[in-house]
>>> print(open('target-v5.txt').read())   # compact mmCIF, C-alpha atoms and all ligand atoms
# COMPACT_ATOMS: atom_id res chain seq x y z
CA MET A 21 -8.46 6.02 18.10
CA SER A 22 -6.52 4.69 21.07
CA ASP A 23 -3.57 3.19 19.23
CA ALA A 24 -2.88 5.82 16.59
CA PRO A 25 0.57 5.10 15.17
CA THR A 26 3.53 7.40 15.58
CA HIS A 27 5.23 6.23 12.38
CA VAL A 28 5.14 7.86 8.99
CA VAL A 29 3.84 4.63 7.50
CA GLU A 30 2.59 1.54 9.22
CA LEU A 31 1.21 -1.67 7.75
CA ARG A 32 -0.52 -3.94 10.25
CA ASP A 33 -1.15 -7.54 9.24
CA VAL A 34 -1.97 -6.53 5.70
CA GLN A 35 -3.43 -9.17 3.46
CA LEU A 36 -4.15 -8.80 -0.24
CA ALA A 37 -5.89 -11.71 -1.86
CA PHE A 38 -7.15 -12.01 -5.41
CA PRO A 39 -9.48 -14.87 -6.33
CA GLN A 40 -6.64 -16.74 -8.06
CA LYS A 41 -3.84 -15.81 -5.72
CA THR A 42 -2.94 -14.32 -2.34
CA VAL A 43 -0.20 -11.77 -3.00
CA LEU A 44 0.33 -10.57 0.57
CA GLU A 45 -0.47 -12.96 3.42
CA LYS A 46 0.26 -10.88 6.46
CA VAL A 47 2.61 -7.96 6.03
CA SER A 48 3.58 -5.68 8.89
CA LEU A 49 6.02 -2.80 8.46
CA LYS A 50 6.80 0.40 10.30
CA VAL A 51 8.58 3.34 8.74
CA ASP A 52 10.04 5.96 11.05
CA PRO A 53 10.58 9.62 10.16
CA LEU A 54 13.60 10.10 7.85
CA ASP A 55 14.00 6.37 7.26
CA ARG A 56 14.88 5.21 3.78
CA LEU A 57 13.26 1.81 3.84
CA VAL A 58 14.28 -0.46 0.98
CA ILE A 59 11.79 -3.20 0.12
CA MET A 60 13.32 -6.14 -1.70
CA GLY A 61 11.90 -9.30 -3.11
CA GLN A 62 11.56 -11.40 -6.20
CA SER A 63 9.69 -10.24 -9.24
CA GLY A 64 5.99 -10.72 -8.53
CA SER A 65 6.44 -10.82 -4.75
CA GLY A 66 4.19 -7.79 -4.28
CA LYS A 67 6.61 -4.86 -3.91
CA SER A 68 4.79 -2.47 -6.25
CA THR A 69 1.55 -3.69 -4.72
CA ILE A 70 2.68 -2.42 -1.30
CA LEU A 71 3.27 1.05 -2.78
CA ARG A 72 -0.18 1.00 -4.41
CA LEU A 73 -1.73 0.03 -1.06
CA ILE A 74 0.02 2.91 0.71
CA LEU A 75 -1.28 5.34 -1.91
CA GLY A 76 -4.80 3.95 -1.46
CA ILE A 77 -5.04 2.97 -5.14
CA ILE A 78 -5.99 -0.54 -4.06
CA GLN A 79 -7.53 -1.78 -0.82
CA PRO A 80 -6.23 -4.59 1.39
CA THR A 81 -8.51 -7.59 1.94
CA ALA A 82 -7.51 -7.52 5.62
CA GLY A 83 -5.33 -5.45 7.92
CA GLU A 84 -4.67 -1.75 8.28
CA ILE A 85 -2.49 0.77 6.48
CA PHE A 86 -1.61 4.07 8.06
CA PHE A 87 0.04 7.17 6.72
CA LYS A 88 0.73 9.09 9.93
CA GLN A 89 -2.56 9.13 11.83
CA PHE A 90 -4.66 8.47 8.73
CA GLU A 91 -5.92 4.99 8.06
CA ILE A 92 -5.66 5.03 4.29
CA SER A 93 -8.34 2.47 3.47
CA ARG A 94 -10.94 4.18 5.65
CA LEU A 95 -10.62 7.65 4.18
CA GLN A 96 -13.34 9.21 2.06
CA ARG A 97 -12.27 10.00 -1.49
CA ARG A 98 -11.78 13.72 -0.89
CA LYS A 99 -9.77 13.20 2.26
CA LEU A 100 -7.69 10.50 0.55
CA GLN A 101 -6.88 12.91 -2.27
CA GLN A 102 -5.83 15.53 0.25
CA VAL A 103 -3.66 13.08 2.20
CA ARG A 104 -2.07 11.89 -1.05
CA THR A 105 -0.75 15.39 -1.73
CA HIS A 106 1.74 14.70 1.10
CA ILE A 107 3.07 11.62 -0.69
CA GLY A 108 5.33 11.83 -3.75
CA MET A 109 5.65 8.91 -6.15
CA VAL A 110 8.44 8.13 -8.59
CA TYR A 111 7.26 5.48 -11.02
CA GLN A 112 9.39 2.71 -12.48
CA TYR A 113 9.51 4.21 -15.97
CA SER A 114 9.24 7.86 -14.89
CA ALA A 115 5.69 8.21 -16.28
CA LEU A 116 6.14 11.69 -17.76
CA LEU A 117 3.46 13.07 -20.06
CA SER A 118 4.91 12.95 -23.56
CA SER A 119 2.92 15.97 -24.76
CA ARG A 120 4.28 18.30 -22.05
CA ASN A 121 7.77 19.69 -21.76
CA VAL A 122 9.89 19.26 -18.64
CA ARG A 123 8.66 22.45 -16.96
CA ASP A 124 5.02 21.56 -17.57
CA ASN A 125 5.46 17.98 -16.36
CA VAL A 126 6.98 19.17 -13.10
CA ALA A 127 4.36 21.91 -12.70
CA LEU A 128 1.46 19.47 -13.14
CA PRO A 129 0.79 18.57 -9.48
CA LEU A 130 0.95 22.25 -8.52
CA GLU A 131 -1.51 23.20 -11.28
CA GLU A 132 -3.90 20.40 -10.43
CA LEU A 133 -3.75 20.41 -6.66
CA THR A 134 -3.04 23.98 -5.59
CA ARG A 135 -4.26 27.48 -6.34
CA LYS A 136 -0.79 28.93 -6.75
CA SER A 137 -0.14 31.61 -9.36
CA THR A 138 1.98 30.92 -12.44
CA ALA A 139 4.79 32.99 -10.94
CA GLU A 140 4.72 30.95 -7.72
CA ILE A 141 4.63 27.70 -9.68
CA ASP A 142 7.56 28.80 -11.85
CA LYS A 143 9.60 29.56 -8.77
CA ILE A 144 8.96 26.13 -7.21
CA VAL A 145 9.55 24.30 -10.50
CA ASP A 146 12.89 26.10 -10.98
CA GLU A 147 13.95 25.31 -7.44
CA LYS A 148 13.20 21.58 -7.83
CA LEU A 149 14.74 21.35 -11.32
CA GLU A 150 17.85 22.99 -9.88
CA MET A 151 17.94 20.38 -7.09
CA VAL A 152 17.97 17.53 -9.59
CA GLY A 153 20.33 19.29 -12.02
CA MET A 154 17.81 19.63 -14.85
CA MET A 155 17.37 23.40 -15.21
CA GLU A 156 18.97 23.42 -18.63
CA SER A 157 16.43 20.95 -19.98
CA LYS A 158 13.43 22.92 -18.78
CA ASN A 159 11.97 23.43 -22.23
CA GLN A 160 12.76 20.01 -23.65
CA MET A 161 10.21 17.30 -24.33
CA PRO A 162 10.47 13.90 -22.57
CA SER A 163 11.28 12.19 -25.89
CA GLU A 164 14.44 14.31 -26.10
CA LEU A 165 15.74 13.06 -22.74
CA SER A 166 17.75 10.00 -21.73
CA GLY A 167 16.35 7.55 -19.16
CA GLY A 168 18.49 9.06 -16.40
CA MET A 169 17.31 12.58 -17.26
CA ARG A 170 13.68 11.46 -17.27
CA LYS A 171 14.21 9.93 -13.85
CA ARG A 172 15.57 13.26 -12.58
CA VAL A 173 12.52 15.07 -13.92
CA SER A 174 10.21 12.58 -12.27
CA LEU A 175 12.13 13.13 -9.02
CA ALA A 176 11.61 16.88 -9.35
CA ARG A 177 7.90 16.28 -9.96
CA ALA A 178 7.67 14.10 -6.84
CA LEU A 179 9.21 16.94 -4.81
CA VAL A 180 7.08 19.91 -5.90
CA MET A 181 4.40 19.44 -3.29
CA ASP A 182 7.05 19.21 -0.54
CA PRO A 183 5.91 15.73 0.44
CA GLU A 184 6.56 14.09 3.79
CA LEU A 185 6.95 10.70 2.13
CA ILE A 186 8.31 9.68 -1.27
CA LEU A 187 7.75 6.25 -2.78
CA PHE A 188 10.23 5.06 -5.40
CA ASP A 189 9.41 2.06 -7.57
CA GLU A 190 12.63 0.59 -8.98
CA PRO A 191 14.46 3.91 -9.33
CA SER A 192 17.33 2.36 -11.28
CA ALA A 193 15.21 0.29 -13.68
CA GLY A 194 16.57 0.53 -17.20
CA LEU A 195 19.59 2.68 -16.27
CA ASP A 196 23.25 1.77 -16.70
CA PRO A 197 25.24 1.08 -13.49
CA VAL A 198 26.93 4.48 -13.43
CA ILE A 199 23.74 6.46 -13.92
CA SER A 200 22.02 4.20 -11.38
CA SER A 201 24.64 5.19 -8.80
CA VAL A 202 24.15 8.85 -9.66
CA ILE A 203 20.38 8.51 -9.16
CA ASP A 204 20.98 6.66 -5.86
CA GLU A 205 23.20 9.50 -4.66
CA LEU A 206 20.55 11.99 -5.72
CA ILE A 207 17.88 10.08 -3.78
CA ILE A 208 20.10 10.14 -0.68
CA SER A 209 20.95 13.84 -0.95
CA LEU A 210 17.41 14.95 -1.76
CA THR A 211 15.78 12.94 1.02
CA ASP A 212 18.40 14.20 3.50
CA ARG A 213 18.13 17.78 2.37
CA SER A 214 14.35 17.89 2.16
CA LYS A 215 13.97 15.90 5.41
CA VAL A 216 11.63 13.45 3.76
CA THR A 217 10.93 9.83 4.61
CA SER A 218 11.11 7.37 1.75
CA ILE A 219 10.31 3.82 0.69
CA ILE A 220 12.35 2.42 -2.16
CA VAL A 221 11.47 -0.76 -4.00
CA THR A 222 14.37 -2.38 -5.77
CA HIS A 223 15.98 -5.65 -6.69
CA GLU A 224 19.41 -4.12 -7.20
CA MET A 225 21.43 -5.21 -4.17
CA GLU A 226 24.16 -2.60 -4.57
CA SER A 227 21.58 0.13 -4.78
CA ALA A 228 19.69 -1.24 -1.79
CA PHE A 229 22.78 -1.18 0.43
CA ARG A 230 23.77 2.26 -0.80
CA ILE A 231 20.40 3.89 -0.21
CA GLY A 232 18.77 2.00 2.63
CA THR A 233 18.81 2.98 6.28
CA ARG A 234 16.57 -0.08 6.72
CA MET A 235 15.79 -3.06 4.58
CA ALA A 236 12.80 -5.36 4.41
CA MET A 237 12.60 -8.53 2.40
CA LEU A 238 9.32 -9.82 1.07
CA TYR A 239 8.96 -13.52 0.37
CA GLN A 240 5.85 -15.59 -0.21
CA GLY A 241 3.55 -12.91 1.08
CA ILE A 242 5.32 -12.04 4.31
CA VAL A 243 8.25 -9.90 5.46
CA ILE A 244 10.93 -12.46 6.27
CA ALA A 245 13.58 -9.93 7.30
CA ASP A 246 13.41 -6.33 8.50
CA ALA A 247 16.74 -4.95 9.68
CA THR A 248 19.54 -2.45 9.24
CA PRO A 249 21.82 -3.02 6.23
CA GLU A 250 24.59 -4.27 8.56
CA GLU A 251 22.29 -6.82 10.20
CA PHE A 252 20.95 -7.81 6.82
CA LYS A 253 24.38 -8.70 5.50
CA LYS A 254 24.88 -11.01 8.46
CA SER A 255 21.50 -12.74 8.11
CA ASN A 256 21.49 -16.53 8.26
CA ASP A 257 18.10 -16.83 6.62
CA PRO A 258 18.62 -19.04 3.55
CA VAL A 259 16.24 -16.96 1.41
CA VAL A 260 18.01 -13.72 2.33
CA ARG A 261 21.40 -15.33 1.70
CA GLN A 262 20.31 -16.58 -1.70
CA PHE A 263 18.88 -13.22 -2.64
CA LEU A 264 22.07 -11.42 -1.62
CA SER A 265 24.28 -13.80 -3.58
CA GLY A 266 21.98 -14.07 -6.61
CA SER A 267 22.55 -17.83 -6.62
CA THR A 268 20.21 -20.25 -8.39
CA GLU A 269 20.86 -22.76 -5.58
CA GLY A 270 18.61 -22.34 -2.55
CA PRO A 271 15.00 -22.17 -1.48
CA ILE A 272 13.88 -19.35 -3.78
CA LEU A 273 13.37 -21.32 -6.99
CA GLU A 274 12.38 -24.59 -5.35
CA GLY A 275 8.98 -25.67 -6.57
CA SER A 276 8.87 -22.79 -9.01
CA LYS A 277 8.53 -23.34 -12.73
CA ASP A 278 11.50 -20.98 -13.18
CA ALA A 279 13.69 -23.62 -11.55
CA VAL A 280 13.40 -25.88 -14.59
CA ALA A 281 14.98 -23.24 -16.80
CA THR A 282 18.03 -22.97 -14.56
CA LYS A 283 18.88 -26.66 -14.45
N1 LIG B 1 -5.55 -7.19 -10.21
C1 LIG B 1 -4.83 -8.29 -10.00
N2 LIG B 1 -5.36 -9.51 -10.06
C2 LIG B 1 -4.63 -10.62 -9.82
N3 LIG B 1 -3.33 -10.61 -9.51
C3 LIG B 1 -2.73 -9.42 -9.43
C4 LIG B 1 -3.44 -8.20 -9.66
N4 LIG B 1 -2.56 -7.17 -9.49
C5 LIG B 1 -1.37 -7.73 -9.17
N5 LIG B 1 -1.47 -9.08 -9.13
C6 LIG B 1 -0.39 -10.03 -8.82
O1 LIG B 1 0.30 -9.58 -7.69
C7 LIG B 1 1.64 -10.04 -7.72
C8 LIG B 1 2.57 -8.96 -7.26
O2 LIG B 1 2.67 -7.95 -8.24
P1 LIG B 1 3.66 -6.71 -8.05
O3 LIG B 1 3.51 -5.88 -9.27
O4 LIG B 1 3.40 -6.05 -6.76
O5 LIG B 1 5.06 -7.44 -8.01
P2 LIG B 1 6.52 -6.80 -7.84
O6 LIG B 1 7.12 -7.42 -6.63
O7 LIG B 1 6.44 -5.33 -7.92
O8 LIG B 1 7.25 -7.41 -9.13
P3 LIG B 1 8.35 -6.74 -10.12
O9 LIG B 1 9.66 -6.85 -9.41
O10 LIG B 1 8.30 -7.65 -11.31
O11 LIG B 1 7.92 -5.34 -10.42
C9 LIG B 1 1.88 -10.54 -9.13
O12 LIG B 1 1.94 -11.95 -9.09
C10 LIG B 1 0.67 -10.10 -9.90
O13 LIG B 1 0.34 -11.03 -10.88
MG MG B 2 7.04 -3.92 -9.36
>>> encode(input="target-v5.txt", output="C-alpha cells")
Amino acid sequence: MSDAPTHVVELRDVQLAFPQKTVLEKVSLKVDPLDRLVIMGQSGSGKSTILRLILGIIQPTAGEIFFKQFEISRLQRRKLQQVRTHIGMVYQYSALLSSRNVRDNVALPLEELTRKSTAEIDKIVDEKLEMVGMMESKNQMPSELSGGMRKRVSLARALVMDPELILFDEPSAGLDPVISSVIDELIISLTDRSKVTSIIVTHEMESAFRIGTRMAMLYQGIVIADATPEEFKKSNDPVVRQFLSGSTEGPILEGSKDAVATK
C-alpha cells in the first residue's frame, strides 16, 4: 500500500447509508498518537456509529477506515479480532456482566483473549483496579456499585489489554456533574500515564473542553469543524456556536420536528 497512514486512526471519506437514511455522508478524520479527540454532535448524528465503524462491528458503504496500517473493513475475521485487542472500549452504560464480580469483569478480556495464568491475570487486574481506585470493591457485584464506580470498573476493563487506543462512548452519561468531572480527570490521567490515544464521544460541553486535545463536530453526516479547543471556542460557524451555547435559536433545529416542541 503506497499511502499507508501514519495516524492511529484515520477515516477517509466514510459514508454509511441505510436504505431509509444516510447517517454519514462523507466523514474524514485523523487521530494522531496521544490525541484525545472529542467527537460532538446532536443525538442521532452518528457519533456511536463512528466508534462501531472503527471497531469493525459495522462496515462503511463507502470510504476507508484505518487503525494504524490496518484497513479495518478489509481485514479477515481472525485478523480483525487480533487488531481489536489493541483497542479498548468503554460503553455508554458501562456494560458490565451482572453475574460476575468486579475482578471477574475486569479479567474477562485477559481470560478470553490471552493464555495468561491466573496469577498473571490477578496481577494485571489488581494493577488496573488500583489505577482507577477500585481495589476495595474487587469482590463486589456490579449491582452493588454506583454508576460512577461501574464506570471506573469499565475503564479498568478497557485498560487490561494495554490498548493503543481507547474509545469512550458518553463517559459521563447518567453521572452527576461532580462525578462526571472526576471521571473526566481519570480519563485524562489514565490516557497520559498509559500513553494511549483516545476518542471520546460526548455532548457535554464542559467535559469536551476539559478532556479534548482536539474536537470534531459532526452535523448532517459530515465533520463541520475539526480544531483545537481554543480554535473551537472562537468558531464563527453558526452550528458550532449554537451547539456551544445550547440555544434553541439557530440552524440546528430548523426543519426538524423537534423545533415545533421548542416554540
Ligand atoms: N441498523 C440501522 N438501520 C437504520 N438506521 C440506523 C441503524 N443503526 C443506526 N441507525 C441510525 O443512525 C443514526 C445515528 O445513530 P448513533 O447511535 O450513531 O447516534 P449518536 O450520535 O450516537 O446519538 P446519541 O447521542 O443519541 O447516542 C440514528 O439516526 C440511527 O437511527
Ligand atoms: Mg450514541
>>> residues_around(input="target-v5.txt", residues="segment 109-113 of chain A", least_positions_apart="6", cutoff="8 Å", atoms="only C-alpha atoms", output="list of chain:residue names")
A:Lys171, A:Ser174, A:Leu175, A:Ala178, A:Ile186, A:Leu187, A:Phe188, A:Asp189, A:Glu190, A:Pro191, A:Ala193
>>> write_last_selection(input="target-v5.txt", atoms="C-alpha atoms", output="PDB file, in the coordinates of the input")
ATOM      1  CA  LYS A 171      14.210   9.930 -13.850  1.00  0.00           C
ATOM      2  CA  SER A 174      10.210  12.580 -12.270  1.00  0.00           C
ATOM      3  CA  LEU A 175      12.130  13.130  -9.020  1.00  0.00           C
ATOM      4  CA  ALA A 178       7.670  14.100  -6.840  1.00  0.00           C
ATOM      5  CA  ILE A 186       8.310   9.680  -1.270  1.00  0.00           C
ATOM      6  CA  LEU A 187       7.750   6.250  -2.780  1.00  0.00           C
ATOM      7  CA  PHE A 188      10.230   5.060  -5.400  1.00  0.00           C
ATOM      8  CA  ASP A 189       9.410   2.060  -7.570  1.00  0.00           C
ATOM      9  CA  GLU A 190      12.630   0.590  -8.980  1.00  0.00           C
ATOM     10  CA  PRO A 191      14.460   3.910  -9.330  1.00  0.00           C
ATOM     11  CA  ALA A 193      15.210   0.290 -13.680  1.00  0.00           C
TER      12      ALA A 193
END
>>> closest_residue(input="target-v5.txt", among="A:Val221, A:Leu117, A:Ala176, A:Ile199", to="ligand MG 2 (chain B)", atoms="all atoms listed in the file")
A:Val221
>>> residues_near_ligand(input="target-v5.txt", ligand="ligand LIG 1 (chain B)", cutoff="8 Å", atoms="all atoms listed in the file", output="PDB file with C-alpha atoms, in the frame of the given file")
ATOM      1  CA  PHE A  38      -7.150 -12.010  -5.410  1.00  0.00           C
ATOM      2  CA  PRO A  39      -9.480 -14.870  -6.330  1.00  0.00           C
ATOM      3  CA  GLN A  40      -6.640 -16.740  -8.060  1.00  0.00           C
ATOM      4  CA  LYS A  41      -3.840 -15.810  -5.720  1.00  0.00           C
ATOM      5  CA  THR A  42      -2.940 -14.320  -2.340  1.00  0.00           C
ATOM      6  CA  VAL A  43      -0.200 -11.770  -3.000  1.00  0.00           C
ATOM      7  CA  GLY A  61      11.900  -9.300  -3.110  1.00  0.00           C
ATOM      8  CA  GLN A  62      11.560 -11.400  -6.200  1.00  0.00           C
ATOM      9  CA  SER A  63       9.690 -10.240  -9.240  1.00  0.00           C
ATOM     10  CA  GLY A  64       5.990 -10.720  -8.530  1.00  0.00           C
ATOM     11  CA  SER A  65       6.440 -10.820  -4.750  1.00  0.00           C
ATOM     12  CA  GLY A  66       4.190  -7.790  -4.280  1.00  0.00           C
ATOM     13  CA  LYS A  67       6.610  -4.860  -3.910  1.00  0.00           C
ATOM     14  CA  SER A  68       4.790  -2.470  -6.250  1.00  0.00           C
ATOM     15  CA  THR A  69       1.550  -3.690  -4.720  1.00  0.00           C
ATOM     16  CA  ILE A  70       2.680  -2.420  -1.300  1.00  0.00           C
ATOM     17  CA  ASP A 189       9.410   2.060  -7.570  1.00  0.00           C
ATOM     18  CA  GLU A 190      12.630   0.590  -8.980  1.00  0.00           C
ATOM     19  CA  VAL A 221      11.470  -0.760  -4.000  1.00  0.00           C
ATOM     20  CA  THR A 222      14.370  -2.380  -5.770  1.00  0.00           C
ATOM     21  CA  HIS A 223      15.980  -5.650  -6.690  1.00  0.00           C
TER      22      HIS A 223
END
>>> atom_distance(input="target-v5.txt", atom1="atom CA of Lys143 of chain A", atom2="atom CA of Thr105 of chain A")
18.9 Å
>>> atom_distance(input="target-v5.txt", atom1="atom CA of Ala247 of chain A", atom2="atom CA of Asp52 of chain A")
12.9 Å
>>> closest_residue(input="target-v5.txt", among="A:Gln240, A:Ser265, A:Ser192, A:Thr134", to="Ile220 of chain A", atoms="all atoms listed in the file")
A:Ser192
>>> atom_distance(input="target-v5.txt", atom1="atom CA of Gln35 of chain A", atom2="atom CA of Pro183 of chain A")
26.8 Å
>>> residues_around(input="target-v5.txt", residues="Leu100 of chain A", least_positions_apart="4", cutoff="12 Å", atoms="only C-alpha atoms", output="CSV table (one decimal) with C-alpha atoms, keeping the file's coordinate frame")
chain,number,residue,atom,x,y,z
A,74,ILE,CA,0.0,2.9,0.7
A,75,LEU,CA,-1.3,5.3,-1.9
A,76,GLY,CA,-4.8,4.0,-1.5
A,77,ILE,CA,-5.0,3.0,-5.1
A,86,PHE,CA,-1.6,4.1,8.1
A,87,PHE,CA,0.0,7.2,6.7
A,90,PHE,CA,-4.7,8.5,8.7
A,91,GLU,CA,-5.9,5.0,8.1
A,92,ILE,CA,-5.7,5.0,4.3
A,93,SER,CA,-8.3,2.5,3.5
A,94,ARG,CA,-10.9,4.2,5.6
A,95,LEU,CA,-10.6,7.6,4.2
A,96,GLN,CA,-13.3,9.2,2.1
A,104,ARG,CA,-2.1,11.9,-1.0
A,105,THR,CA,-0.8,15.4,-1.7
A,106,HIS,CA,1.7,14.7,1.1
A,107,ILE,CA,3.1,11.6,-0.7
>>> closest_residue(input="target-v5.txt", among="A:Thr268, A:Glu250, A:Leu71, A:Pro258", to="ligand MG 2 (chain B)", atoms="only C-alpha atoms and all ligand atoms")
A:Leu71
>>> closest_residue(input="target-v5.txt", among="A:Arg98, A:Lys50, A:Lys254, A:Arg72", to="ligand MG 2 (chain B)", atoms="all atoms listed in the file")
A:Arg72
>>> closest_residue(input="target-v5.txt", among="A:Lys46, A:Arg170, A:Arg135, A:Arg123", to="Glu147 of chain A", atoms="all atoms listed in the file")
A:Arg123
>>> residues_around(input="target-v5.txt", residues="Val260 of chain A", least_positions_apart="5", cutoff="10 Å", atoms="all atoms listed in the file", output="PyMOL selection string")
chain A and resi 60-61+237-239+244-245+252-255+265-266+270-272
